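A.B. asks: What follows is a structure written as C-alpha cells; I'll ask about it next.
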Amino acid sequence: MAITIRDVAKRAGVAPSTVSRVIADNPSISDKTKNKVRAVMKEMNYFPNIYAQGLASAHSKTFGLVLPLATDAFYQNPFFPTILRGINFEMAKHDYSILLSVGLNEDQRRKHIEKIVNGKQVEGLIFLYASKKDPLLRFAQKVNCPAVVIGSPDNTKVHFVDNDNELIGYQATKSLIQQGCNRIAYVGGDMNQFFIADRHKGYKRALESAGIIYDPSLIYNNINFLPSDGYELAQNKIDFSQIDGLVISDELVAEGIRNYLDTQDIQDVHLITFSAYRQGNTQSMNKTSYVNLNSHIIGSRAVDILFEALDPDQASTRFIHEYVDADLHTT
C-alpha cells in the first residue's frame with residue numbers, strides 16, 4: 001500500500017497539514033519540525049505528489065519545452081542536446097522539472113500546448129526554435145503565459161536569447177577572406193529560418209566590405225541539416241573548381257561536405273561552419289574552421305530569463321532580448 005501524508009504525520013507526531021507545509025518549505029514551520037518530518041519521509045521512503053502539490057499551491061515547478069516539428073535533422077543535430085544541457089543545469093539549481101511538448105503535426109502540438117498551459121501544468125514555456133508567425137507562440141502571448149524563445153523571432157514583444165547570427169556570419173566570412181579566399185560560397189538551408197537568413201546577411205556584408213562581388217549562383221539552400229545531404233550537395237551541385245571557400249550554416253552539413261572533399265582529395269577549399277560547442281581535436285575539425293556558438297550558455301540563459309519573467313519583483317513590461325557571445329576557431 002502506498003505511503004500517504006497521513007502515515008508520515010502519524011509517525012512524526014504532527015498534523016497532516018504540517019507535513020504539507022514542510023513539503024512546501026513553508027517558513028511558518030520551524031527548522032526543527034522540518035528536519036523531523038523530512039527524516040520520517042526518508043525513513044518511510046515517501047515522495048510527495050509534485051503534480052498535486054503544484055495544483056494546491058498554483059506553482060507546478062515545471063517549465064514546458066516546445067520542440068520544433070520532429071525530423072531526423074532535429075534528433076541528430078548537436079545544437080539541441082547542447083541547449084538541453086544548459087537548460088537542465090540551470091533548472092536543477094531551482095529544483096524545477098521539464099515537460100516536453102508532444103505532437104507529430106501542428107494540430108497535435110497546438111492542442112498539447114493548450115492542454116498544459118490551460119491546465120496549469122507549466123509556469124512558463126521555452127521555445128527551442130523561432131519561426132515566422134508561430135501560432136504556438138501567439139497562443140502563449142494571448143493567454144499571458146511567460147515564454148522565452150531560443151532564436152530571434154519576428155515578434156519583439158517576447159523574451160528571446162540567441163547568437164547575433166548576422167555578426168557571426170560576417171565574422172566567419174571575413175575569416176575566410178583573411179585566409180586569401182575570394183570565391184566564397186554560402187550553404188544555408190531554409191531561408192525562412194531566421195538564423196539562416198541572418199548568417200547569409202552577414203556573409204553578404206563581409207563580401208561587400210572586402211570589395212568582393214556577391215554572386216547568387218554561389219548560394220545553396222533548401223537542404224536538410226544532415227551529413228548525407230551535405231555529401232550529396234558537394235557531390236552533385238557544387239563546382240569546387242570555381243570556389244576557394246565555403247561558409248556552411250550547419251555543422252552536420254559541413255561534416256558531409258568535408259567527407260566528400262576528403263574522398264576526392266580536394267585540399268584547396270577552405271571551410272568554416274557553426275558548432276554548438278567547442279570541438280575536440282578530431283581529424284575532421286582540424287580541417288574545418290568553426291564558430292563556437294556556446295549553445296549550453298544559450299540554454300542556461302533561457303531558464304534565467306524565464307525565472308526573471310516569473311518574479312513579480314523583477315518582471316516588468318520590458319522584454320529581454322539577449323545575444324550570447326560566440327568565438328571563432330580557425331584551422
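Letters for chains follow the order of the C-alpha cells (A, B, ...), residue numbers begin at 1 for each chain, and ligand numbers begin at 1 in the order shown.
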Which residues, written as a compact mmCIF listing (two decimals) with N, CA, C and O atoms, in the first residue's frame, have at least one atom at most 7 Å from region 71-87 of chain A, with only C-alpha atoms counted and residues fewer than 2 positions away on the same chain left out?

C.D. replies:
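Ended up saving to selection_8.txt:
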```
# COMPACT_ATOMS: atom_id res chain seq x y z
N LEU A 69 8.95 20.77 -35.04
CA LEU A 69 8.43 19.52 -35.58
C LEU A 69 9.56 18.51 -35.69
O LEU A 69 10.64 18.81 -36.20
N PHE A 89 21.01 22.08 -16.52
CA PHE A 89 21.93 22.57 -15.49
C PHE A 89 21.28 23.68 -14.67
O PHE A 89 21.37 23.68 -13.43
N GLU A 90 20.63 24.61 -15.35
CA GLU A 90 20.06 25.76 -14.64
C GLU A 90 18.79 25.39 -13.87
O GLU A 90 18.58 25.85 -12.75
N MET A 91 17.96 24.54 -14.46
CA MET A 91 16.71 24.17 -13.79
C MET A 91 16.96 23.32 -12.56
O MET A 91 16.21 23.37 -11.59
N ASN A 224 18.45 19.67 -46.04
CA ASN A 224 18.28 19.26 -44.65
C ASN A 224 19.62 19.29 -43.93
O ASN A 224 20.68 19.15 -44.55
N PHE A 225 19.56 19.42 -42.63
CA PHE A 225 20.78 19.51 -41.83
C PHE A 225 21.26 18.12 -41.43
O PHE A 225 21.21 17.71 -40.26
N LEU A 226 21.75 17.37 -42.42
CA LEU A 226 22.27 16.03 -42.19
C LEU A 226 23.57 15.86 -42.97
O LEU A 226 23.73 16.44 -44.05
N LEU A 252 26.52 19.67 -39.27
CA LEU A 252 26.34 18.34 -39.84
C LEU A 252 26.48 18.37 -41.36
O LEU A 252 27.05 17.45 -41.96
N ALA A 276 27.81 23.88 -32.07
CA ALA A 276 27.09 24.11 -30.82
C ALA A 276 28.03 24.25 -29.63
O ALA A 276 27.69 24.87 -28.63
N SER A 295 26.25 27.05 -27.14
CA SER A 295 24.81 26.81 -27.05
C SER A 295 24.35 26.43 -25.65
O SER A 295 23.20 26.69 -25.28
N HIS A 296 25.23 25.82 -24.85
CA HIS A 296 24.83 25.49 -23.48
C HIS A 296 24.54 26.75 -22.68
O HIS A 296 23.65 26.75 -21.81
N ILE A 297 25.26 27.83 -22.99
CA ILE A 297 25.01 29.10 -22.31
C ILE A 297 23.66 29.67 -22.74
O ILE A 297 22.92 30.23 -21.93
N ILE A 298 23.32 29.50 -24.02
CA ILE A 298 22.01 29.95 -24.50
C ILE A 298 20.90 29.25 -23.73
O ILE A 298 19.93 29.88 -23.28
N GLY A 299 21.02 27.92 -23.55
CA GLY A 299 20.02 27.17 -22.80
C GLY A 299 19.91 27.64 -21.37
O GLY A 299 18.81 27.83 -20.83
N SER A 300 21.06 27.84 -20.74
CA SER A 300 21.09 28.30 -19.36
C SER A 300 20.45 29.68 -19.21
O SER A 300 19.66 29.92 -18.29
N VAL A 303 16.58 29.79 -19.29
CA VAL A 303 15.95 29.49 -18.00
C VAL A 303 16.02 30.70 -17.07
O VAL A 303 15.03 31.06 -16.42
```

A.B. asks: Would you kindly return, as a VMD selection string, each protein, DNA or RNA residue with an atom no farther than 8 Å from any atom of region 171-186 of chain A, considering only C-alpha atoms and excluding same-chain residues fewer than 3 positions away?

C.D. replies: chain A and resid 167 to 168 200 202 to 203 206 to 207 210 212 218 to 220 242 to 249 270 to 273 290 to 291 328 330

A.B. asks: Quick check for you: according to DSSP on this backbone, which residues of region 246-310 of chain A are classed as strand (DSSP E)? Reply as a ChimeraX atom specification.

C.D. replies: /A:246-248,270-275,288-292

A.B. asks: Hey, can you spit out that residue selection with N, CA, C and O atoms as a short mmCIF file (atom, residue, chain, number, x, y, z; two decimals), in the first residue's frame?

C.D. replies:
```cif
data_model
loop_
_atom_site.label_atom_id
_atom_site.label_comp_id
_atom_site.auth_asym_id
_atom_site.auth_seq_id
_atom_site.Cartn_x
_atom_site.Cartn_y
_atom_site.Cartn_z
N LEU A 246 33.99 28.03 -48.36
CA LEU A 246 32.58 27.73 -48.09
C LEU A 246 32.22 28.16 -46.67
O LEU A 246 32.88 27.76 -45.71
N VAL A 247 31.17 28.97 -46.56
CA VAL A 247 30.56 29.26 -45.27
C VAL A 247 29.33 28.35 -45.17
O VAL A 247 28.42 28.44 -45.98
N ILE A 248 29.32 27.46 -44.17
CA ILE A 248 28.29 26.43 -44.07
C ILE A 248 27.52 26.63 -42.77
O ILE A 248 28.08 26.54 -41.67
N HIS A 270 38.71 26.09 -48.44
CA HIS A 270 38.61 26.32 -47.00
C HIS A 270 37.14 26.28 -46.56
O HIS A 270 36.29 26.86 -47.23
N LEU A 271 36.90 25.62 -45.43
CA LEU A 271 35.55 25.53 -44.88
C LEU A 271 35.48 26.22 -43.53
O LEU A 271 36.42 26.18 -42.74
N ILE A 272 34.31 26.83 -43.27
CA ILE A 272 34.01 27.31 -41.92
C ILE A 272 32.54 27.05 -41.65
O ILE A 272 31.69 27.19 -42.53
N THR A 273 32.23 26.62 -40.42
CA THR A 273 30.86 26.32 -40.05
C THR A 273 30.58 26.86 -38.66
O THR A 273 31.38 27.62 -38.09
N PHE A 274 29.43 26.47 -38.10
CA PHE A 274 28.99 26.96 -36.80
C PHE A 274 28.68 25.76 -35.92
O PHE A 274 27.86 24.91 -36.27
N SER A 275 29.35 25.67 -34.78
CA SER A 275 29.24 24.50 -33.92
C SER A 275 28.57 24.84 -32.60
O SER A 275 28.77 25.93 -32.06
N THR A 288 38.54 22.03 -40.57
CA THR A 288 37.39 22.93 -40.72
C THR A 288 37.40 23.98 -39.63
O THR A 288 37.34 23.63 -38.43
N SER A 289 37.45 25.24 -40.01
CA SER A 289 37.30 26.32 -39.03
C SER A 289 35.85 26.36 -38.57
O SER A 289 34.94 25.89 -39.27
N TYR A 290 35.60 26.90 -37.38
CA TYR A 290 34.23 26.96 -36.91
C TYR A 290 34.03 28.10 -35.92
O TYR A 290 34.99 28.59 -35.30
N VAL A 291 32.79 28.51 -35.80
CA VAL A 291 32.37 29.47 -34.78
C VAL A 291 31.67 28.69 -33.68
O VAL A 291 30.67 28.00 -33.94
N ASN A 292 32.20 28.75 -32.46
CA ASN A 292 31.59 28.08 -31.32
C ASN A 292 30.43 28.93 -30.82
O ASN A 292 30.62 30.05 -30.34
#
```

A.B. asks: Which residues, written as a PDB file with N, CA and C atoms, in the first residue's frame, have at least one atom at most 7 Å from Asn221 (chain A), with only C-alpha atoms counted and residues fewer than 2 positions away on the same chain left out?

C.D. replies:
```pdb
ATOM      1  N   VAL A 187      26.421  27.986 -47.916  1.00  0.00           N
ATOM      2  CA  VAL A 187      25.492  26.852 -47.825  1.00  0.00           C
ATOM      3  C   VAL A 187      24.578  27.113 -46.636  1.00  0.00           C
ATOM      4  N   GLY A 188      23.324  27.364 -46.944  1.00  0.00           N
ATOM      5  CA  GLY A 188      22.373  27.716 -45.893  1.00  0.00           C
ATOM      6  C   GLY A 188      21.460  26.572 -45.515  1.00  0.00           C
ATOM      7  N   GLY A 189      20.227  26.655 -45.940  1.00  0.00           N
ATOM      8  CA  GLY A 189      19.216  25.652 -45.598  1.00  0.00           C
ATOM      9  C   GLY A 189      17.865  26.185 -45.999  1.00  0.00           C
ATOM     10  N   ASP A 190      17.022  26.464 -45.021  1.00  0.00           N
ATOM     11  CA  ASP A 190      15.713  27.054 -45.248  1.00  0.00           C
ATOM     12  C   ASP A 190      15.803  28.539 -44.903  1.00  0.00           C
ATOM     13  N   ILE A 219      25.092  30.524 -53.850  1.00  0.00           N
ATOM     14  CA  ILE A 219      24.238  30.329 -52.672  1.00  0.00           C
ATOM     15  C   ILE A 219      23.488  29.009 -52.827  1.00  0.00           C
ATOM     16  N   ILE A 223      18.207  22.544 -48.184  1.00  0.00           N
ATOM     17  CA  ILE A 223      18.783  21.239 -47.850  1.00  0.00           C
ATOM     18  C   ILE A 223      18.504  20.947 -46.381  1.00  0.00           C
TER      19      ILE A 223
END
```

A.B. asks: I'd like to know which of A:Val158, A:Ala234, A:Ser131, A:Gly103 is closest to Ala197 (chain A), using only C-alpha atoms.

C.D. replies: A:Ser131
